[in-house]
>>> print(open('query01.txt').read())   # compact mmCIF, C-alpha atoms
# COMPACT_ATOMS: atom_id res chain seq x y z
CA MET A 1 -60.13 -20.79 -3.84
CA THR A 2 -63.71 -20.97 -5.02
CA ILE A 3 -66.10 -18.04 -5.34
CA ILE A 4 -69.80 -18.81 -5.65
CA LEU A 5 -71.94 -15.87 -6.71
CA LYS A 6 -75.67 -16.24 -6.15
CA LYS A 7 -78.74 -15.43 -8.20
CA GLY A 8 -79.32 -11.68 -8.26
CA ASP A 9 -75.72 -10.71 -7.41
CA LYS A 10 -74.03 -8.18 -9.69
CA PHE A 11 -70.84 -9.68 -11.11
CA GLN A 12 -68.41 -6.75 -10.69
CA GLU A 13 -69.72 -5.62 -7.31
CA SER A 14 -69.83 -9.10 -5.77
CA PHE A 15 -66.51 -10.27 -7.21
CA ARG A 16 -64.69 -7.12 -6.08
CA GLU A 17 -66.21 -7.43 -2.60
CA PHE A 18 -64.93 -11.01 -2.36
CA LEU A 19 -61.45 -9.87 -3.44
CA ARG A 20 -61.44 -7.06 -0.88
CA ARG A 21 -62.69 -9.26 1.98
CA ASN A 22 -60.10 -11.93 1.20
CA ARG A 23 -57.26 -9.47 0.47
CA VAL A 24 -56.65 -10.86 -3.02
CA ASN A 25 -54.59 -8.48 -5.18
CA SER A 26 -53.49 -10.68 -8.09
CA GLY A 27 -54.52 -13.93 -9.71
CA PHE A 28 -56.17 -15.80 -12.54
CA PHE A 29 -59.72 -17.15 -12.64
CA PHE A 30 -62.04 -19.35 -14.66
CA GLY A 31 -65.57 -20.57 -14.21
CA LEU A 32 -69.11 -21.22 -15.44
CA GLY A 33 -72.73 -20.61 -14.53
CA ALA A 34 -75.52 -18.35 -15.79
CA VAL A 35 -76.18 -14.62 -16.08
CA THR A 36 -78.94 -12.26 -17.11
CA ARG A 37 -78.68 -8.90 -18.84
CA PRO A 38 -74.94 -9.10 -19.57
CA GLU A 39 -73.09 -6.10 -20.93
CA LEU A 40 -70.19 -7.06 -23.20
CA ALA A 41 -67.49 -4.96 -24.83
CA PHE A 42 -65.10 -5.17 -27.76
CA TYR A 43 -62.00 -2.97 -27.81
CA ASP A 44 -61.51 -1.01 -31.04
CA LEU A 45 -57.75 -0.48 -31.37
CA THR A 46 -58.20 2.20 -34.04
CA LYS A 47 -60.57 4.33 -31.95
CA LYS A 48 -58.91 3.32 -28.66
CA LYS A 49 -62.26 2.75 -26.97
CA TYR A 50 -64.60 -0.05 -25.99
CA LEU A 51 -67.72 -0.67 -28.04
CA LYS A 52 -70.35 -1.86 -25.56
CA LYS A 53 -73.59 -3.77 -25.99
CA LYS A 54 -76.23 -5.03 -23.52
CA PHE A 55 -78.03 -8.31 -24.17
CA PRO A 56 -81.50 -8.96 -22.70
CA GLY A 57 -82.38 -12.38 -21.37
CA LEU A 58 -80.80 -15.36 -19.64
CA PHE A 59 -77.50 -16.87 -20.84
CA GLU A 60 -75.41 -19.82 -19.77
CA VAL A 61 -71.83 -18.90 -18.99
CA LEU A 62 -70.04 -21.44 -21.15
CA SER A 63 -66.70 -20.04 -20.06
CA ILE A 64 -65.44 -17.09 -18.06
CA THR A 65 -61.73 -16.45 -17.75
CA GLY A 66 -59.61 -13.54 -16.66
CA ASN A 67 -57.22 -12.02 -14.21
CA VAL A 68 -57.06 -9.71 -11.24
CA ALA A 69 -54.27 -7.14 -10.95
CA GLN A 70 -53.36 -3.91 -9.18
CA SER A 71 -54.28 -0.79 -11.13
CA GLY A 72 -53.80 2.68 -9.71
CA GLU A 73 -55.30 2.66 -6.23
CA GLY A 74 -57.45 -0.45 -6.66
CA VAL A 75 -57.84 -3.92 -8.07
CA ALA A 76 -58.76 -4.36 -11.74
CA VAL A 77 -60.91 -7.34 -12.76
CA HIS A 78 -60.33 -8.24 -16.42
CA ALA A 79 -62.89 -10.84 -17.51
CA HIS A 80 -63.72 -12.39 -20.88
CA VAL A 81 -66.78 -14.55 -21.34
CA VAL A 82 -68.47 -16.87 -23.82
CA LEU A 83 -72.25 -17.00 -23.37
CA GLY A 84 -74.81 -19.39 -24.84
CA ASN A 85 -78.49 -18.63 -25.43
CA ASP A 86 -81.58 -20.85 -25.73
CA LYS A 87 -81.06 -21.12 -29.50
CA PHE A 88 -77.66 -22.74 -28.89
CA GLN A 89 -75.85 -19.66 -30.23
CA ALA A 90 -72.74 -18.23 -28.61
CA ILE A 91 -71.64 -14.63 -28.08
CA GLY A 92 -68.56 -13.41 -26.31
CA GLY A 93 -66.36 -10.52 -25.34
CA HIS A 94 -65.07 -8.50 -22.44
CA LEU A 95 -67.56 -8.85 -19.56
CA VAL A 96 -68.41 -5.34 -18.36
CA ASP A 97 -71.08 -6.55 -15.93
CA ALA A 98 -74.07 -8.87 -15.54
CA VAL A 99 -76.61 -10.05 -12.99
CA ILE A 100 -76.04 -13.63 -11.87
CA GLY A 101 -78.70 -16.11 -13.06
CA GLY A 102 -78.78 -19.40 -11.11
CA THR A 103 -75.14 -19.20 -9.97
CA LEU A 104 -71.66 -18.26 -11.13
CA GLU A 105 -68.91 -20.61 -9.91
CA ILE A 106 -65.42 -19.16 -10.18
CA ASN A 107 -62.11 -20.81 -9.36
CA LEU A 108 -59.42 -18.27 -8.46
CA ILE A 109 -55.71 -19.01 -8.34
CA GLU A 110 -53.73 -16.32 -6.53
CA SER A 111 -50.40 -15.30 -8.07
CA GLY A 112 -47.48 -13.03 -7.43
CA LEU A 113 -48.18 -9.31 -7.70
CA MET A 114 -49.43 -8.24 -11.14
CA GLU A 115 -49.90 -4.61 -12.05
CA ARG A 116 -51.71 -2.79 -14.86
CA ARG A 117 -50.51 0.51 -16.35
CA LEU A 118 -51.70 2.64 -19.23
CA ASP A 119 -50.05 1.80 -22.55
CA ASP A 120 -50.02 4.93 -24.75
CA GLU A 121 -49.83 3.00 -28.02
CA THR A 122 -52.99 0.94 -27.47
CA GLY A 123 -54.83 3.08 -24.91
CA LEU A 124 -55.25 0.00 -22.71
CA ASN A 125 -54.21 -0.67 -19.13
CA LEU A 126 -51.88 -3.58 -19.81
CA LEU A 127 -50.08 -5.94 -17.45
CA LYS A 128 -46.54 -4.81 -16.71
>>> encode(input="query01.txt", output="structure tokens")
Amino acid sequence: MTIILKKGDKFQESFREFLRRNRVNSGFFFGLGAVTRPELAFYDLTKKKYLKKKFPGLFEVLSITGNVAQSGEGVAVHAHVVLGNDKFQAIGGHLVDAVIGGTLEINLIESGLMERRLDDETGLNLLK
């Protein structure tokens, strides 16, 4: 199925709303488009926490990929992204959130039930 987010939509809010409306609990996704003001994260295994950074401006989404899985009482969206700026430089990481630029086109492939649970060793909610 295809999800088309529009300019001004918030990634997490809009994507989760689509999943809820369409009763999607598990799957894999990929896509491209553009975003503004993205917040990215990098997981520090030593500290067991995400290091987050916000980036001002408009970026092309060169690639977004991830999965959707059950986690506790809800659905977890795990997204990684590679973004390009107007200087033809790329940045990437875990996509915490962003505002959609022109559009964000996502292709979602539903799968059998996937579930995330806390892994004590890494401090991450990993697929089980």
>>> residues_near_point(input="query01.txt", point="(-70.8, -20.5, -14.7)", cutoff="7 Å", atoms="only C-alpha atoms", output="number ranges by chain")
A: 31-34, 60-63, 103-105
>>> closest_residue(input="query01.txt", among="A:Lys53, A:Phe15, A:Leu127, A:Asn22", to="A:Ile106", atoms="all atoms listed in the file")
A:Phe15
>>> closest_residue(input="query01.txt", among="A:Thr36, A:Ser26, A:Gln89, A:Gln70", to="A:Arg117", atoms="all atoms listed in the file")
A:Gln70
>>> residues_around(input="query01.txt", residues="A:Asp9", least_positions_apart="3", cutoff="12 Å", atoms="all atoms listed in the file", output="PDB file with C-alpha atoms, in the frame of the given file")
ATOM      1  CA  ILE A   4     -69.800 -18.810  -5.650  1.00  0.00           C
ATOM      2  CA  LEU A   5     -71.940 -15.870  -6.710  1.00  0.00           C
ATOM      3  CA  LYS A   6     -75.670 -16.240  -6.150  1.00  0.00           C
ATOM      4  CA  GLN A  12     -68.410  -6.750 -10.690  1.00  0.00           C
ATOM      5  CA  GLU A  13     -69.720  -5.620  -7.310  1.00  0.00           C
ATOM      6  CA  SER A  14     -69.830  -9.100  -5.770  1.00  0.00           C
ATOM      7  CA  PHE A  15     -66.510 -10.270  -7.210  1.00  0.00           C
ATOM      8  CA  ARG A  16     -64.690  -7.120  -6.080  1.00  0.00           C
ATOM      9  CA  GLU A  17     -66.210  -7.430  -2.600  1.00  0.00           C
ATOM     10  CA  PHE A  18     -64.930 -11.010  -2.360  1.00  0.00           C
ATOM     11  CA  ALA A  34     -75.520 -18.350 -15.790  1.00  0.00           C
ATOM     12  CA  VAL A  35     -76.180 -14.620 -16.080  1.00  0.00           C
ATOM     13  CA  THR A  36     -78.940 -12.260 -17.110  1.00  0.00           C
ATOM     14  CA  ARG A  37     -78.680  -8.900 -18.840  1.00  0.00           C
ATOM     15  CA  ASP A  97     -71.080  -6.550 -15.930  1.00  0.00           C
ATOM     16  CA  ALA A  98     -74.070  -8.870 -15.540  1.00  0.00           C
ATOM     17  CA  VAL A  99     -76.610 -10.050 -12.990  1.00  0.00           C
ATOM     18  CA  ILE A 100     -76.040 -13.630 -11.870  1.00  0.00           C
ATOM     19  CA  GLY A 101     -78.700 -16.110 -13.060  1.00  0.00           C
ATOM     20  CA  GLY A 102     -78.780 -19.400 -11.110  1.00  0.00           C
ATOM     21  CA  THR A 103     -75.140 -19.200  -9.970  1.00  0.00           C
ATOM     22  CA  LEU A 104     -71.660 -18.260 -11.130  1.00  0.00           C
TER      23      LEU A 104
END
>>> atom_distance(input="query01.txt", atom1="atom CA of A:Asp86", atom2="atom CA of A:Asn107")
25.4 Å
>>> closest_residue(input="query01.txt", among="A:Val81, A:Met114, A:Val68, A:Val96", to="A:Leu19", atoms="all atoms listed in the file")
A:Val68
>>> closest_residue(input="query01.txt", among="A:Asp44, A:Glu39, A:Asp119, A:Glu73", to="A:Gly57", atoms="only C-alpha atoms")
A:Glu39
>>> closest_residue(input="query01.txt", among="A:Gly72, A:Asn67, A:Gly93, A:Phe28", to="A:Lys54", atoms="all atoms listed in the file")
A:Gly93
>>> closest_residue(input="query01.txt", among="A:Phe11, A:Tyr50, A:Thr65, A:Leu45", to="A:Leu108", atoms="only C-alpha atoms")
A:Thr65
